Amino acid sequence: MKRPTLEAVAARAGVSRSSVSRVVNGQATVAPEIRDVVMRAVTELGYVPNGAARSLATRRTNAIAVIVSDPPGGVVADDPMFSAVVRTVSRELEAAGKRVTLILTGSPGSHLRVEEQLAAGHVDGAMLMSMHGADPLPAAVERMGVPVVTHGRPTMSVDLPYVDNDNVGGATLAVRYLLDQGRRRIATITGPLDMIAAQDRLAGYRETLRDTGRRSIAAVGEFNRLSGAVCMRQLLDDDPALDAVFAANDLMAIGALRALREAGRRVPDDVAVVGFDDIEAASYTAPPLTTVHSPMSDQARATARLLLCLLEGEPADSVIMPNELVVRESA
C-alpha cells in the first residue's frame, strides 16, 4: 500500500491541504472542529508525517545534542549524578517532541566533530555539561549562534545561559555547620580546579573559614572515591590534628571515610565528614553521610526547559538553585 499523503487526509476530512498541514504541525490557528475532523482522518488512514519533508520546510531537525566533556581519565561515567541528569534531561526533551543525542567529548578530534555537526545544522540546539576550564567547545558553540545552554555555570570567558545550584552557598552551609558543632581544624578535599563547581565550593569553604580567622587546609581531588581516599591520607599527614573535612562531592567523601577508618580515626568522634550532592549512596555509608543536598533533578529539568525557551525565541535567564544540608551520622 502507498503511504497516505496530506492530500488523501484532506480529501477524507473534506478540508484544504493547508488546513491539514497546520493541524499536523501543531499550529494553534486551526478551529477545534477542523482539528477534530482532520485528526479523525489521520487516524483512519494511518497517516504518518514525513519528518524529512517537515525538516526541510521548518528548517528544524527536532534533534538536541547533550554534550558531555569526558577527557581521558575522566570520571563522568562513574558518577551517579551524570546518569541522573542525562535521564531527566532526556525525558523532559522527549516529552516536548525532541530527539536526544548523547555525545561524549574528550579529545581535539571529538571536539572538531561536534563543531561540524552543530555548524551543519544536524541538531537544533545543544546542552553542555561537565565542562572544564580549558575546553574550547563552549566558546566555539557561542560563536556559531546555535541555541545552547549549560548544565552548571560556565567559565567567565563565555556568555551562555545556564542552570546551576548555589555551590558557594552549599559549601558555606557545610562549613558553618561544622563550626557550630565545635570543629576547629576543618580541611577540604576539592574537585578538579579547572571546573567551576570545584572552584565555587572551594571559595565557599575558604570564605567561611576566613570570616572566623581560621586557616584553610586543602587537598585537590578528582571527584571520585579513589582521590577522596588519597587526599584524606595526605591531609592526615599534613595536619594530624584536623577534626573535620568537607569533601566537594559525596564520592570523595566516601573515599575519605574509608581512609579514616583505615587510619583508625573514628567518624564523627575524631573527624567529622561532610560531602556534597546527596547521592543515594550517602544514606548507606558507615556511618551515613552528612551532605549538602543538590536539587539535581530539578536542575536538570530547568536546564531542558531553558533550552526549549531558546528554541522558541523566548527569553532564557540563567537560574541558580538553593541547597540544603542533610544531617546524618558522619558529622
# chains A, B, ... in the order shown; residues from 1 in each chain; ligands from 1

call {"tool": "residues_around", "arguments": {"residues": "stretch 270-281 of chain A", "least_positions_apart": "4", "cutoff": "6 Å", "atoms": "only C-alpha atoms", "output": "list in words"}}
result
Asp243, Ala244, Val245, Phe246, Ala247, Ala248, Asn249, Asp250, Ala253, Arg265, Arg266, Thr290, Thr291, Val292, His293, Ser294, Ser330 and Ala331 of chain A

call {"tool": "write_last_selection", "arguments": {"atoms": "N, CA and C atoms", "output": "mmCIF file, in the first residue's frame"}}
result
data_model
loop_
_atom_site.group_PDB
_atom_site.id
_atom_site.type_symbol
_atom_site.label_atom_id
_atom_site.label_comp_id
_atom_site.auth_asym_id
_atom_site.auth_seq_id
_atom_site.Cartn_x
_atom_site.Cartn_y
_atom_site.Cartn_z
ATOM 1 N N ASP A 243 40.104 17.915 62.705
ATOM 2 C CA ASP A 243 38.944 17.244 63.312
ATOM 3 C C ASP A 243 37.698 17.258 62.419
ATOM 4 N N ALA A 244 37.833 17.733 61.184
ATOM 5 C CA ALA A 244 36.700 17.720 60.255
ATOM 6 C C ALA A 244 37.211 17.875 58.836
ATOM 7 N N VAL A 245 36.423 17.337 57.887
ATOM 8 C CA VAL A 245 36.753 17.511 56.479
ATOM 9 C C VAL A 245 35.464 17.727 55.692
ATOM 10 N N PHE A 246 35.514 18.708 54.807
ATOM 11 C CA PHE A 246 34.423 18.957 53.863
ATOM 12 C C PHE A 246 34.904 18.503 52.495
ATOM 13 N N ALA A 247 34.254 17.474 51.945
ATOM 14 C CA ALA A 247 34.605 16.979 50.615
ATOM 15 C C ALA A 247 33.654 17.585 49.596
ATOM 16 N N ALA A 248 34.192 18.007 48.450
ATOM 17 C CA ALA A 248 33.403 18.752 47.469
ATOM 18 C C ALA A 248 32.434 17.888 46.679
ATOM 19 N N ASN A 249 32.443 16.573 46.883
ATOM 20 C CA ASN A 249 31.322 15.742 46.420
ATOM 21 C C ASN A 249 31.259 14.469 47.257
ATOM 22 N N ASP A 250 30.157 13.758 47.157
ATOM 23 C CA ASP A 250 29.945 12.592 48.011
ATOM 24 C C ASP A 250 30.896 11.449 47.684
ATOM 25 N N ALA A 253 33.921 12.059 49.546
ATOM 26 C CA ALA A 253 33.647 11.881 50.974
ATOM 27 C C ALA A 253 33.629 10.393 51.337
ATOM 28 N N ARG A 265 40.834 6.355 62.672
ATOM 29 C CA ARG A 265 40.109 7.546 63.139
ATOM 30 C C ARG A 265 38.618 7.255 63.155
ATOM 31 N N ARG A 266 37.973 7.571 64.262
ATOM 32 C CA ARG A 266 36.531 7.352 64.387
ATOM 33 C C ARG A 266 35.772 8.531 63.781
ATOM 34 N N THR A 290 26.600 12.916 56.263
ATOM 35 C CA THR A 290 26.032 14.266 56.259
ATOM 36 C C THR A 290 26.503 14.948 54.978
ATOM 37 N N THR A 291 25.598 15.613 54.271
ATOM 38 C CA THR A 291 25.958 16.151 52.960
ATOM 39 C C THR A 291 25.063 17.317 52.573
ATOM 40 N N VAL A 292 25.516 18.076 51.605
ATOM 41 C CA VAL A 292 24.731 19.172 51.036
ATOM 42 C C VAL A 292 23.863 18.595 49.921
ATOM 43 N N HIS A 293 22.549 18.712 50.086
ATOM 44 C CA HIS A 293 21.641 18.195 49.064
ATOM 45 C C HIS A 293 21.595 19.152 47.876
ATOM 46 N N SER A 294 21.957 18.626 46.722
ATOM 47 C CA SER A 294 21.897 19.396 45.477
ATOM 48 C C SER A 294 20.646 18.979 44.721
ATOM 49 N N SER A 330 27.645 11.173 60.096
ATOM 50 C CA SER A 330 29.084 11.371 59.898
ATOM 51 C C SER A 330 29.572 12.710 60.429
ATOM 52 N N ALA A 331 28.624 13.599 60.800
ATOM 53 C CA ALA A 331 29.019 14.917 61.334
ATOM 54 C C ALA A 331 27.897 15.483 62.195
#

call {"tool": "select_by_dssp", "arguments": {"residues": "stretch 21-147 of chain A", "states": "strand (DSSP E or B)", "output": "NGL selection string"}}
result
:A and (63-69 or 99-105 or 125-129)

call {"tool": "write_last_selection", "arguments": {"atoms": "C-alpha atoms", "output": "tab-separated table (two decimals), in the first residue's frame"}}
result
chain	number	residue	atom	x	y	z
A	63	ALA	CA	17.17	16.85	17.48
A	64	ILE	CA	19.06	18.05	20.56
A	65	ALA	CA	22.66	17.22	21.41
A	66	VAL	CA	23.55	16.60	25.05
A	67	ILE	CA	27.32	17.08	25.02
A	68	VAL	CA	29.33	15.81	27.97
A	69	SER	CA	33.01	16.55	28.47
A	99	ARG	CA	15.15	13.52	19.81
A	100	VAL	CA	18.17	13.45	22.12
A	101	THR	CA	21.68	12.54	21.01
A	102	LEU	CA	24.28	11.95	23.74
A	103	ILE	CA	27.81	12.92	22.72
A	104	LEU	CA	30.91	12.37	24.86
A	105	THR	CA	33.84	14.62	24.02
A	125	GLY	CA	20.33	23.11	19.88
A	126	ALA	CA	22.64	21.67	22.50
A	127	MET	CA	23.14	21.28	26.22
A	128	LEU	CA	26.70	21.26	27.55
A	129	MET	CA	27.62	19.61	30.84

call {"tool": "residues_around", "arguments": {"residues": "A:Pro287", "least_positions_apart": "4", "cutoff": "9 Å", "atoms": "only C-alpha atoms", "output": "list in words"}}
result
Leu257, Val267, Pro268, Ser283, Arg328, Glu329 and Ser330 of chain A

call {"tool": "write_last_selection", "arguments": {"atoms": "C-alpha atoms", "output": "CSV table (one decimal), in the first residue's frame"}}
result
chain,number,residue,atom,x,y,z
A,257,LEU,CA,35.5,7.7,55.2
A,267,VAL,CA,33.8,9.2,62.5
A,268,PRO,CA,32.5,11.6,63.7
A,283,SER,CA,22.5,7.2,53.1
A,328,ARG,CA,23.3,12.3,59.2
A,329,GLU,CA,25.7,10.5,61.5
A,330,SER,CA,29.1,11.4,59.9

call {"tool": "closest_residue", "arguments": {"among": "A:Glu115, A:Asp159, A:Asp238, A:Asp164", "to": "A:Ala140", "atoms": "only C-alpha atoms"}}
result
A:Glu115

call {"tool": "select_by_dssp", "arguments": {"residues": "stretch 105-310 of chain A", "states": "helix (DSSP H, G or I)", "output": "VMD selection string"}}
result
chain A and resid 108 to 119 137 to 144 167 to 180 196 to 212 225 to 238 250 to 262 280 to 283 296 to 310

call {"tool": "closest_residue", "arguments": {"among": "A:Ala256, A:Glu314, A:Glu207, A:Ser216", "to": "A:Cys231", "atoms": "only C-alpha atoms"}}
result
A:Ala256

call {"tool": "closest_residue", "arguments": {"among": "A:Thr150, A:Ser107, A:Ser157, A:Gln181", "to": "A:Asp317", "atoms": "only C-alpha atoms"}}
result
A:Thr150

call {"tool": "atom_distance", "arguments": {"atom1": "atom CA of A:Ala282", "atom2": "atom CA of A:Tyr162"}}
result
26.9 Å

call {"tool": "residues_around", "arguments": {"residues": "stretch 81-89 of chain A", "least_positions_apart": "3", "cutoff": "6 Å", "atoms": "only C-alpha atoms", "output": "ChimeraX atom specification"}}
result
/A:92,300-301,304

call {"tool": "write_last_selection", "arguments": {"atoms": "N, CA and C atoms", "output": "CSV table (one decimal), in the first residue's frame"}}
result
chain,number,residue,atom,x,y,z
A,92,GLU,N,12.6,15.1,29.7
A,92,GLU,CA,12.0,16.4,29.5
A,92,GLU,C,12.0,16.8,28.0
A,300,ALA,N,18.2,19.6,36.4
A,300,ALA,CA,18.2,19.1,35.0
A,300,ALA,C,17.0,19.4,34.3
A,301,ARG,N,15.8,19.4,34.9
A,301,ARG,CA,14.6,19.8,34.3
A,301,ARG,C,14.6,21.2,33.9
A,304,ALA,N,16.7,21.7,30.7
A,304,ALA,CA,16.0,21.3,29.5
A,304,ALA,C,15.0,22.4,29.1

call {"tool": "residues_around", "arguments": {"residues": "A:Val230", "least_positions_apart": "4", "cutoff": "8 Å", "atoms": "only C-alpha atoms", "output": "number ranges by chain"}}
result
A: 226, 234, 255-256, 259

call {"tool": "atom_distance", "arguments": {"atom1": "atom CA of A:Ser18", "atom2": "atom CA of A:Leu311"}}
result
24.5 Å

call {"tool": "closest_residue", "arguments": {"among": "A:Tyr284, A:Tyr177, A:Tyr47, A:Phe223", "to": "A:Val327", "atoms": "only C-alpha atoms"}}
result
A:Tyr177

call {"tool": "closest_residue", "arguments": {"among": "A:Ala13, A:Met321, A:Met131, A:Val148", "to": "A:Leu160", "atoms": "only C-alpha atoms"}}
result
A:Val148

call {"tool": "closest_residue", "arguments": {"among": "A:Pro80, A:Pro4, A:Gly204, A:Gly169", "to": "A:Asn224", "atoms": "only C-alpha atoms"}}
result
A:Pro80
